[in-house]
>>> print(open('my_file.txt').read())   # compact mmCIF, C-alpha atoms
# COMPACT_ATOMS: atom_id res chain seq x y z
CA ARG Q 1 12.33 -5.16 11.97
CA MET Q 2 10.17 -8.21 12.79
CA GLN Q 3 10.32 -9.26 9.12
CA LEU Q 4 14.04 -8.54 8.68
CA GLU Q 5 15.34 -9.89 12.02
CA PRO Q 6 12.76 -12.35 13.42
CA GLU Q 7 15.44 -14.02 15.55
CA VAL Q 8 15.96 -10.72 17.43
CA TYR Q 9 12.47 -9.17 17.33
CA ASN Q 10 10.59 -12.24 18.54
CA ARG Q 11 8.55 -10.82 21.41
CA GLY Q 12 5.47 -9.84 19.39
CA PHE Q 13 4.05 -6.52 18.24
CA ILE Q 14 4.22 -4.57 21.55
CA GLY Q 15 7.47 -6.28 22.53
CA GLY Q 16 9.01 -5.17 19.23
CA PHE Q 17 8.20 -1.54 20.03
CA GLN Q 18 9.79 -1.93 23.46
CA GLN Q 19 12.92 -3.58 22.04
CA VAL Q 20 13.52 -0.82 19.49
CA ILE Q 21 13.04 1.91 22.13
CA GLN Q 22 15.26 0.14 24.71
CA ASN Q 23 18.07 -0.58 22.25
CA GLU Q 24 18.07 2.56 20.09
CA GLY Q 25 15.75 5.14 21.63
CA ALA Q 26 12.27 6.27 20.57
CA SER Q 27 13.68 8.21 17.60
CA ALA Q 28 14.59 4.86 15.96
CA LEU Q 29 10.86 4.30 15.34
CA LEU Q 30 11.12 7.10 12.75
CA THR Q 31 13.96 5.42 10.83
CA GLY Q 32 13.10 5.54 7.12
CA PHE Q 33 10.44 8.23 7.62
CA GLY Q 34 11.80 10.43 4.78
CA PRO Q 35 11.55 7.85 1.96
CA THR Q 36 8.30 6.49 3.43
CA PHE Q 37 6.68 9.94 3.31
CA THR Q 38 8.07 10.84 -0.12
CA GLY Q 39 7.42 7.42 -1.67
CA TYR Q 40 3.85 7.08 -0.50
CA PHE Q 41 3.07 10.73 -1.26
CA VAL Q 42 4.07 10.18 -4.90
CA GLN Q 43 2.48 6.72 -5.00
CA GLY Q 44 -0.76 8.02 -3.49
CA TRP Q 45 -0.86 10.81 -6.07
CA PHE Q 46 -0.71 8.32 -8.95
CA LYS Q 47 -2.81 5.66 -7.22
CA PHE Q 48 -5.84 7.60 -6.00
CA GLY Q 49 -5.87 9.91 -9.00
CA GLY Q 50 -5.24 7.02 -11.36
CA VAL Q 51 -8.02 4.86 -9.95
CA GLU Q 52 -10.53 7.70 -10.36
CA TYR Q 53 -9.27 8.39 -13.90
CA PHE Q 54 -9.49 4.76 -15.07
CA LYS Q 55 -12.74 4.12 -13.17
CA ILE Q 56 -14.57 7.13 -14.61
CA ASN Q 57 -13.37 6.60 -18.17
CA THR Q 58 -14.20 2.88 -18.12
CA ALA Q 59 -17.67 3.54 -16.66
CA GLN Q 60 -18.38 6.20 -19.29
CA ALA Q 61 -17.23 3.89 -22.09
CA LEU Q 62 -19.45 1.03 -20.88
CA GLY Q 63 -22.57 3.07 -20.11
CA PRO Q 64 -24.56 3.31 -16.84
CA GLN Q 65 -26.08 -0.19 -16.68
CA ALA Q 66 -22.98 -2.10 -17.79
CA ALA Q 67 -20.84 -0.03 -15.42
CA TRP Q 68 -23.15 -0.87 -12.51
CA ASP Q 69 -23.25 -4.56 -13.39
CA ASN Q 70 -19.45 -4.74 -13.69
CA ARG Q 71 -18.45 -2.29 -10.96
CA THR Q 72 -16.26 -4.77 -9.05
CA SER Q 73 -14.33 -5.64 -12.23
CA ILE Q 74 -13.91 -1.92 -12.95
CA TYR Q 75 -12.55 -1.34 -9.43
CA LEU Q 76 -10.10 -4.22 -9.88
CA GLY Q 77 -8.91 -3.18 -13.35
CA ALA Q 78 -8.64 0.54 -12.55
CA SER Q 79 -6.70 -0.08 -9.35
CA ALA Q 80 -4.32 -2.57 -11.01
CA ALA Q 81 -3.47 -0.14 -13.83
CA ALA Q 82 -3.03 2.82 -11.46
CA GLU Q 83 -0.87 0.83 -9.04
CA PHE Q 84 1.49 -0.46 -11.73
CA ILE Q 85 2.23 3.13 -12.79
CA ALA Q 86 2.58 4.25 -9.17
CA ASP Q 87 5.04 1.42 -8.36
CA ILE Q 88 7.53 2.62 -10.96
CA PHE Q 89 7.93 5.77 -8.87
CA LEU Q 90 7.58 4.11 -5.44
CA CYS Q 91 10.13 1.30 -5.87
CA PRO Q 92 13.37 3.36 -5.54
CA LEU Q 93 12.10 5.06 -2.39
CA GLU Q 94 10.89 1.78 -0.89
CA ALA Q 95 14.34 0.25 -1.50
CA THR Q 96 15.90 3.26 0.23
CA ARG Q 97 13.51 2.95 3.19
CA ILE Q 98 14.18 -0.76 3.69
CA ARG Q 99 17.97 -0.26 3.51
CA LEU Q 100 17.78 2.48 6.16
CA VAL Q 101 15.65 0.27 8.43
CA SER Q 102 17.86 -2.81 7.99
CA GLN Q 103 21.12 -0.78 8.19
CA PRO Q 104 20.48 2.37 10.27
CA ASP Q 105 24.14 3.44 9.81
CA PHE Q 106 23.96 3.11 5.99
CA ALA Q 107 23.50 6.87 5.53
CA PRO Q 108 22.49 9.85 7.69
CA SER Q 109 19.56 10.87 5.46
CA MET Q 110 17.22 9.75 2.70
CA PHE Q 111 19.19 11.64 0.06
CA GLY Q 112 22.47 10.21 1.33
CA ALA Q 113 21.09 6.66 1.22
CA PHE Q 114 19.61 7.27 -2.25
CA ALA Q 115 22.95 8.51 -3.60
CA ARG Q 116 24.96 5.70 -1.98
CA LEU Q 117 22.64 2.99 -3.31
CA LEU Q 118 22.86 4.44 -6.83
CA LYS Q 119 26.66 4.72 -6.67
CA GLU Q 120 27.39 1.29 -5.16
CA GLU Q 121 24.71 -0.89 -6.76
CA GLY Q 122 23.48 1.00 -9.80
CA LEU Q 123 19.97 1.92 -10.89
CA ILE Q 124 18.49 -1.54 -11.53
CA LYS Q 125 20.05 -3.58 -8.70
CA GLY Q 126 19.97 -0.74 -6.20
CA PHE Q 127 16.45 0.54 -6.78
CA TYR Q 128 14.54 -2.07 -8.79
CA SER Q 129 15.63 -5.41 -7.27
CA GLY Q 130 12.30 -5.37 -5.51
CA PHE Q 131 10.14 -4.25 -8.46
CA GLY Q 132 8.70 -7.74 -9.03
CA PRO Q 133 7.86 -8.24 -5.34
CA ILE Q 134 6.57 -4.69 -4.98
CA CYS Q 135 4.17 -5.22 -7.91
CA PHE Q 136 3.27 -8.67 -6.54
CA LYS Q 137 2.60 -7.01 -3.19
CA GLN Q 138 1.10 -3.65 -4.17
CA ILE Q 139 -1.11 -4.58 -7.13
CA PRO Q 140 -3.16 -7.28 -5.30
CA TYR Q 141 -3.09 -5.03 -2.22
CA THR Q 142 -4.51 -2.06 -4.14
CA MET Q 143 -7.03 -4.20 -6.03
CA ALA Q 144 -8.31 -5.58 -2.71
CA LYS Q 145 -8.17 -2.17 -1.06
CA PHE Q 146 -10.36 -0.36 -3.60
CA ALA Q 147 -12.69 -3.25 -4.40
CA VAL Q 148 -13.31 -4.09 -0.72
CA GLN Q 149 -13.64 -0.42 0.24
CA GLY Q 150 -16.12 0.19 -2.57
CA LYS Q 151 -18.19 -2.85 -1.59
CA ALA Q 152 -18.00 -2.09 2.14
CA ALA Q 153 -18.99 1.56 1.62
CA GLU Q 154 -21.88 0.45 -0.61
CA MET Q 155 -23.13 -1.99 2.06
CA ILE Q 156 -22.75 0.53 4.90
CA ARG Q 157 -24.67 3.20 2.95
CA ALA Q 158 -27.39 0.69 2.03
CA SER Q 159 -27.71 -0.47 5.66
CA PHE Q 160 -28.22 3.08 6.94
CA GLY Q 161 -30.10 4.46 3.93
CA VAL Q 162 -27.36 6.94 3.04
CA ASP Q 163 -27.40 8.68 -0.36
CA PRO Q 164 -23.73 9.38 -1.25
CA GLU Q 165 -24.70 12.37 -3.40
CA ASN Q 166 -26.49 14.15 -0.53
CA ALA Q 167 -24.68 12.82 2.56
CA SER Q 168 -23.37 15.28 5.16
CA SER Q 169 -19.60 15.67 5.64
CA GLY Q 170 -19.82 13.80 8.96
CA THR Q 171 -21.61 10.84 7.40
CA THR Q 172 -19.19 10.78 4.48
CA MET Q 173 -16.27 10.76 6.93
CA ALA Q 174 -17.81 7.94 8.99
CA VAL Q 175 -18.39 5.79 5.90
CA ALA Q 176 -14.84 6.48 4.64
CA LEU Q 177 -13.22 5.59 7.98
CA SER Q 178 -15.21 2.40 8.58
CA SER Q 179 -14.99 1.07 5.02
CA GLY Q 180 -11.32 2.10 4.81
CA THR Q 181 -10.45 0.14 7.95
CA ILE Q 182 -12.15 -3.00 6.61
CA ALA Q 183 -10.40 -2.60 3.25
CA GLY Q 184 -7.00 -1.98 4.86
CA VAL Q 185 -7.07 -5.13 6.97
CA ALA Q 186 -8.22 -7.27 4.02
CA ALA Q 187 -5.55 -5.79 1.74
CA ALA Q 188 -2.80 -6.23 4.38
CA ILE Q 189 -3.56 -9.95 4.79
CA ILE Q 190 -3.68 -10.57 1.02
CA SER Q 191 -0.41 -8.78 0.28
CA HIS Q 192 1.60 -9.78 3.36
CA PRO Q 193 3.67 -12.67 1.88
CA ALA Q 194 4.95 -10.41 -0.90
CA ASP Q 195 5.62 -7.61 1.63
CA THR Q 196 7.81 -9.98 3.65
CA LEU Q 197 9.71 -11.00 0.49
CA LEU Q 198 10.17 -7.35 -0.47
CA SER Q 199 11.55 -6.47 2.96
CA LYS Q 200 14.01 -9.35 2.86
CA VAL Q 201 15.20 -8.96 -0.77
CA ASN Q 202 16.22 -5.35 -0.11
CA LYS Q 203 18.33 -6.39 2.89
CA ALA Q 204 22.02 -6.55 1.95
CA GLY Q 205 23.14 -10.11 1.11
CA ALA Q 206 19.72 -11.69 1.49
CA GLY Q 207 19.06 -14.71 -0.76
CA GLY Q 208 22.62 -14.95 -2.06
CA SER Q 209 24.24 -13.12 -4.97
CA GLY Q 210 22.42 -14.54 -8.01
CA SER Q 211 19.60 -13.06 -10.08
CA ILE Q 212 16.66 -11.31 -8.44
CA MET Q 213 14.41 -14.33 -9.12
CA SER Q 214 16.88 -16.83 -7.64
CA ARG Q 215 17.30 -14.63 -4.56
CA LEU Q 216 13.52 -14.46 -4.11
CA VAL Q 217 13.22 -18.26 -4.40
CA ASN Q 218 16.04 -18.73 -1.87
CA ILE Q 219 14.44 -16.31 0.58
CA ALA Q 220 11.04 -17.98 0.22
CA LEU Q 221 12.54 -21.45 0.81
CA GLU Q 222 14.58 -20.24 3.80
CA THR Q 223 11.64 -18.43 5.38
CA GLY Q 224 8.83 -20.93 4.70
CA ILE Q 225 5.25 -20.23 3.63
CA VAL Q 226 3.83 -19.93 7.17
CA LYS Q 227 6.36 -17.32 8.25
CA LEU Q 228 6.01 -15.46 4.94
CA CYS Q 229 2.29 -15.12 5.70
CA THR Q 230 2.51 -14.35 9.42
CA GLN Q 231 5.78 -12.59 10.37
CA GLY Q 232 4.80 -9.08 11.43
CA LEU Q 233 1.20 -9.54 10.23
CA LEU Q 234 -0.49 -8.01 13.29
CA ALA Q 235 1.72 -4.92 13.11
CA ARG Q 236 0.95 -4.58 9.41
CA CYS Q 237 -2.83 -5.01 9.88
CA VAL Q 238 -2.83 -2.27 12.53
CA MET Q 239 -0.69 0.01 10.38
CA ILE Q 240 -2.46 -0.60 7.05
CA GLY Q 241 -5.95 -0.64 8.56
CA SER Q 242 -5.51 2.76 10.21
CA LEU Q 243 -3.51 4.17 7.28
CA THR Q 244 -6.12 3.13 4.70
CA ALA Q 245 -8.97 4.54 6.78
CA GLY Q 246 -7.07 7.82 6.99
CA GLN Q 247 -6.33 7.82 3.26
CA PHE Q 248 -9.97 7.46 2.22
CA ALA Q 249 -11.07 10.02 4.84
CA ILE Q 250 -8.49 12.56 3.61
CA PHE Q 251 -9.31 11.85 -0.04
CA ASP Q 252 -13.04 12.36 0.49
CA SER Q 253 -12.44 15.46 2.64
CA VAL Q 254 -10.16 17.11 0.07
CA MET Q 255 -12.58 16.33 -2.75
CA SER Q 256 -15.41 17.90 -0.74
CA ALA Q 257 -13.35 20.94 0.28
CA LEU Q 258 -12.45 21.62 -3.36
CA GLY Q 259 -16.07 21.28 -4.46
CA ALA Q 260 -15.30 18.18 -6.53
CA LYS Q 261 -17.79 15.33 -6.79
CA LYS Q 262 -16.41 11.86 -6.17
CA PHE Q 263 -17.60 9.32 -8.73
CA HIS Q 264 -20.07 6.74 -7.35
CA PHE Q 265 -21.50 3.80 -9.25
CA HIS Q 266 -25.26 4.14 -9.55
CA ASP Q 267 -27.92 1.55 -10.32
CA PRO Q 268 -30.03 2.98 -13.22
CA SER Q 269 -32.89 0.58 -12.40
CA ALA Q 270 -33.30 2.31 -9.01
CA ASP Q 271 -34.54 5.38 -10.93
CA GLY Q 272 -37.17 3.34 -12.72
CA HIS Q 273 -35.48 3.57 -16.13
>>> encode(input="my_file.txt", output="structure tokens")
Amino acid sequence: RMQLEPEVYNRGFIGGFQQVIQNEGASALLTGFGPTFTGYFVQGWFKFGGVEYFKINTAQALGPQAAWDNRTSIYLGASAAAEFIADIFLCPLEATRIRLVSQPDFAPSMFGAFARLLKEEGLIKGFYSGFGPICFKQIPYTMAKFAVQGKAAEMIRASFGVDPENASSGTTMAVALSSGTIAGVAAAIISHPADTLLSKVNKAGAGGSGSIMSRLVNIALETGIVKLCTQGLLARCVMIGSLTAGQFAIFDSVMSALGAKKFHFHDPSADGH
């Protein structure tokens, strides 16, 4: 709401909560929950699974020493490839979520909004107007998220002398939560301008009626670079920081519960060979 209607929601992060509750009731805070849950469930499936798939296969192809020496590049490449695939499935649901948030009376449910968007605007305009911005937002976001989390977890384990292969579940959880929070905040800041553009381009009538690119340029010029980078940033840092910490904690917990070993980069020289 702060991104879509800054002239109305101009009282800051806490004030925005209060305005929504006063004007529409507490239930309005759950507007768009259906497509958010479904979209990020599917996206998370492809993203976390995809990163592990690309990371493991690249590391095996390079060999232990080269994989260790190039681990940051592997994180960046694996996360970019996984996110691009995930965004193809996320984009229609993100468009539906933003339309429900910007026009709460657009449809009574996620499925109703999905069907109406498809009928009135078609597949490409209705669901993929924001595909460029969503890739521009999500790919750098995911690259930062996994690369920063990997580096932060590595530094935390090194500082406390933790061996990831033999760490207790409590230690693994603590490392996942702390490194995930750091990664989430970094990723939120990096991807915020594109997130603001994505929110605005999916609002009905925003940026005029031309091509997607011309609408994006118009929105960027109207909004200005400072506002693109700062509108709603605190709210997003809080949301993404806590969400990312939870994601890595859940991922590590599920892997452990299923008896699966999470892949960790390992320095062969530390073994003396």
>>> closest_residue(input="my_file.txt", among="Q:Ala95, Q:Ala167, Q:Ala147, Q:Arg215", to="Arg116 of chain Q", atoms="only C-alpha atoms")
Q:Ala95
>>> residues_around(input="my_file.txt", residues="segment 53-63 of chain Q", least_positions_apart="2", cutoff="12 Å", atoms="all atoms listed in the file", output="VMD selection string")
chain Q and resid 45 to 51 65 to 83 146 to 147 150 261 to 268
>>> residues_around(input="my_file.txt", residues="Leu4 of chain Q", least_positions_apart="3", cutoff="8 Å", atoms="only C-alpha atoms", output="count of residues only")
5
>>> atom_distance(input="my_file.txt", atom1="atom CA of Val254 of chain Q", atom2="atom CA of Asn166 of chain Q")
16.6 Å
>>> atom_distance(input="my_file.txt", atom1="atom CA of Tyr128 of chain Q", atom2="atom CA of Ala245 of chain Q")
29.0 Å
>>> axis_aligned_box(input="my_file.txt", around="segment 158-174 of chain Q", padding_each_side="8 Å", output="AutoDock Vina command-line options")
--center_x -23.2 --center_y 7.6 --center_z 2.8 --size_x 29.8 --size_y 32.1 --size_z 28.4
>>> atom_distance(input="my_file.txt", atom1="atom CA of Leu117 of chain Q", atom2="atom CA of Ile219 of chain Q")
21.3 Å
>>> closest_residue(input="my_file.txt", among="Q:Ile124, Q:Ile156, Q:Pro64, Q:Val185", to="Ser269 of chain Q", atoms="only C-alpha atoms")
Q:Pro64
>>> residues_around(input="my_file.txt", residues="Lys137 of chain Q", least_positions_apart="5", cutoff="10 Å", atoms="only C-alpha atoms", output="PyMOL selection string")
chain Q and resi 131-132+142+187-188+190-198
>>> closest_residue(input="my_file.txt", among="Q:Ala107, Q:Leu118, Q:Val201, Q:Ala152", to="Gly184 of chain Q", atoms="all atoms listed in the file")
Q:Ala152
>>> closest_residue(input="my_file.txt", among="Q:Gly232, Q:Gly170, Q:Gly207, Q:Gly224", to="Asp252 of chain Q", atoms="only C-alpha atoms")
Q:Gly170
>>> closest_residue(input="my_file.txt", among="Q:Gly25, Q:Leu233, Q:Ile240, Q:Thr31", to="Val101 of chain Q", atoms="all atoms listed in the file")
Q:Thr31
>>> residues_around(input="my_file.txt", residues="Asn10 of chain Q", least_positions_apart="4", cutoff="12 Å", atoms="all atoms listed in the file", output="list of chain:residue names")
Q:Arg1, Q:Met2, Q:Gln3, Q:Leu4, Q:Glu5, Q:Pro6, Q:Ile14, Q:Gly15, Q:Gly16, Q:Phe17, Q:Gln18, Q:Gln19, Q:Val20, Q:Gln231, Q:Gly232
>>> closest_residue(input="my_file.txt", among="Q:Cys91, Q:Ala186, Q:Ala249, Q:Ala174", to="Arg236 of chain Q", atoms="all atoms listed in the file")
Q:Ala186
>>> residues_around(input="my_file.txt", residues="segment 210-213 of chain Q", least_positions_apart="3", cutoff="7 Å", atoms="only C-alpha atoms", output="number ranges by chain")
Q: 129, 216-217
>>> build_atoms(input="my_file.txt", residues="segment 127-148 of chain Q", atoms="N, CA and C atoms", output="PDB file, in the coordinates of the input")
ATOM      1  N   PHE Q 127      17.797   0.006  -6.981  1.00  0.00           N
ATOM      2  CA  PHE Q 127      16.450   0.540  -6.780  1.00  0.00           C
ATOM      3  C   PHE Q 127      15.322  -0.366  -7.273  1.00  0.00           C
ATOM      4  N   TYR Q 128      15.621  -1.274  -8.209  1.00  0.00           N
ATOM      5  CA  TYR Q 128      14.540  -2.070  -8.790  1.00  0.00           C
ATOM      6  C   TYR Q 128      14.685  -3.571  -8.576  1.00  0.00           C
ATOM      7  N   SER Q 129      15.553  -3.995  -7.634  1.00  0.00           N
ATOM      8  CA  SER Q 129      15.630  -5.410  -7.270  1.00  0.00           C
ATOM      9  C   SER Q 129      14.277  -5.890  -6.767  1.00  0.00           C
ATOM     10  N   GLY Q 130      13.584  -5.005  -6.102  1.00  0.00           N
ATOM     11  CA  GLY Q 130      12.300  -5.370  -5.510  1.00  0.00           C
ATOM     12  C   GLY Q 130      11.098  -5.007  -6.362  1.00  0.00           C
ATOM     13  N   PHE Q 131      11.294  -4.684  -7.659  1.00  0.00           N
ATOM     14  CA  PHE Q 131      10.140  -4.250  -8.460  1.00  0.00           C
ATOM     15  C   PHE Q 131       9.130  -5.369  -8.660  1.00  0.00           C
ATOM     16  N   GLY Q 132       9.618  -6.597  -8.907  1.00  0.00           N
ATOM     17  CA  GLY Q 132       8.700  -7.740  -9.030  1.00  0.00           C
ATOM     18  C   GLY Q 132       7.899  -7.950  -7.755  1.00  0.00           C
ATOM     19  N   PRO Q 133       8.602  -8.087  -6.604  1.00  0.00           N
ATOM     20  CA  PRO Q 133       7.860  -8.240  -5.340  1.00  0.00           C
ATOM     21  C   PRO Q 133       6.959  -7.063  -5.007  1.00  0.00           C
ATOM     22  N   ILE Q 134       7.409  -5.839  -5.345  1.00  0.00           N
ATOM     23  CA  ILE Q 134       6.570  -4.690  -4.980  1.00  0.00           C
ATOM     24  C   ILE Q 134       5.283  -4.690  -5.819  1.00  0.00           C
ATOM     25  N   CYS Q 135       5.383  -5.097  -7.091  1.00  0.00           N
ATOM     26  CA  CYS Q 135       4.170  -5.220  -7.910  1.00  0.00           C
ATOM     27  C   CYS Q 135       3.302  -6.377  -7.395  1.00  0.00           C
ATOM     28  N   PHE Q 136       3.966  -7.491  -7.060  1.00  0.00           N
ATOM     29  CA  PHE Q 136       3.270  -8.670  -6.540  1.00  0.00           C
ATOM     30  C   PHE Q 136       2.570  -8.340  -5.217  1.00  0.00           C
ATOM     31  N   LYS Q 137       3.189  -7.428  -4.462  1.00  0.00           N
ATOM     32  CA  LYS Q 137       2.600  -7.010  -3.190  1.00  0.00           C
ATOM     33  C   LYS Q 137       1.555  -5.912  -3.401  1.00  0.00           C
ATOM     34  N   GLN Q 138       1.938  -4.846  -4.105  1.00  0.00           N
ATOM     35  CA  GLN Q 138       1.100  -3.650  -4.170  1.00  0.00           C
ATOM     36  C   GLN Q 138      -0.112  -3.785  -5.077  1.00  0.00           C
ATOM     37  N   ILE Q 139       0.025  -4.499  -6.207  1.00  0.00           N
ATOM     38  CA  ILE Q 139      -1.110  -4.580  -7.130  1.00  0.00           C
ATOM     39  C   ILE Q 139      -2.271  -5.379  -6.523  1.00  0.00           C
ATOM     40  N   PRO Q 140      -2.040  -6.602  -5.989  1.00  0.00           N
ATOM     41  CA  PRO Q 140      -3.160  -7.280  -5.300  1.00  0.00           C
ATOM     42  C   PRO Q 140      -3.666  -6.494  -4.097  1.00  0.00           C
ATOM     43  N   TYR Q 141      -2.726  -5.849  -3.384  1.00  0.00           N
ATOM     44  CA  TYR Q 141      -3.090  -5.030  -2.220  1.00  0.00           C
ATOM     45  C   TYR Q 141      -4.046  -3.905  -2.629  1.00  0.00           C
ATOM     46  N   THR Q 142      -3.692  -3.185  -3.693  1.00  0.00           N
ATOM     47  CA  THR Q 142      -4.510  -2.060  -4.140  1.00  0.00           C
ATOM     48  C   THR Q 142      -5.830  -2.530  -4.739  1.00  0.00           C
ATOM     49  N   MET Q 143      -5.793  -3.643  -5.484  1.00  0.00           N
ATOM     50  CA  MET Q 143      -7.030  -4.200  -6.030  1.00  0.00           C
ATOM     51  C   MET Q 143      -7.998  -4.555  -4.896  1.00  0.00           C
ATOM     52  N   ALA Q 144      -7.464  -5.219  -3.861  1.00  0.00           N
ATOM     53  CA  ALA Q 144      -8.310  -5.580  -2.710  1.00  0.00           C
ATOM     54  C   ALA Q 144      -8.773  -4.337  -1.972  1.00  0.00           C
ATOM     55  N   LYS Q 145      -7.868  -3.393  -1.814  1.00  0.00           N
ATOM     56  CA  LYS Q 145      -8.170  -2.170  -1.060  1.00  0.00           C
ATOM     57  C   LYS Q 145      -9.342  -1.398  -1.673  1.00  0.00           C
ATOM     58  N   PHE Q 146      -9.305  -1.151  -2.963  1.00  0.00           N
ATOM     59  CA  PHE Q 146     -10.360  -0.360  -3.600  1.00  0.00           C
ATOM     60  C   PHE Q 146     -11.641  -1.161  -3.812  1.00  0.00           C
ATOM     61  N   ALA Q 147     -11.497  -2.438  -4.181  1.00  0.00           N
ATOM     62  CA  ALA Q 147     -12.690  -3.250  -4.400  1.00  0.00           C
ATOM     63  C   ALA Q 147     -13.431  -3.504  -3.079  1.00  0.00           C
ATOM     64  N   VAL Q 148     -12.675  -3.840  -2.021  1.00  0.00           N
ATOM     65  CA  VAL Q 148     -13.310  -4.090  -0.720  1.00  0.00           C
ATOM     66  C   VAL Q 148     -13.871  -2.799  -0.147  1.00  0.00           C
TER      67      VAL Q 148
END
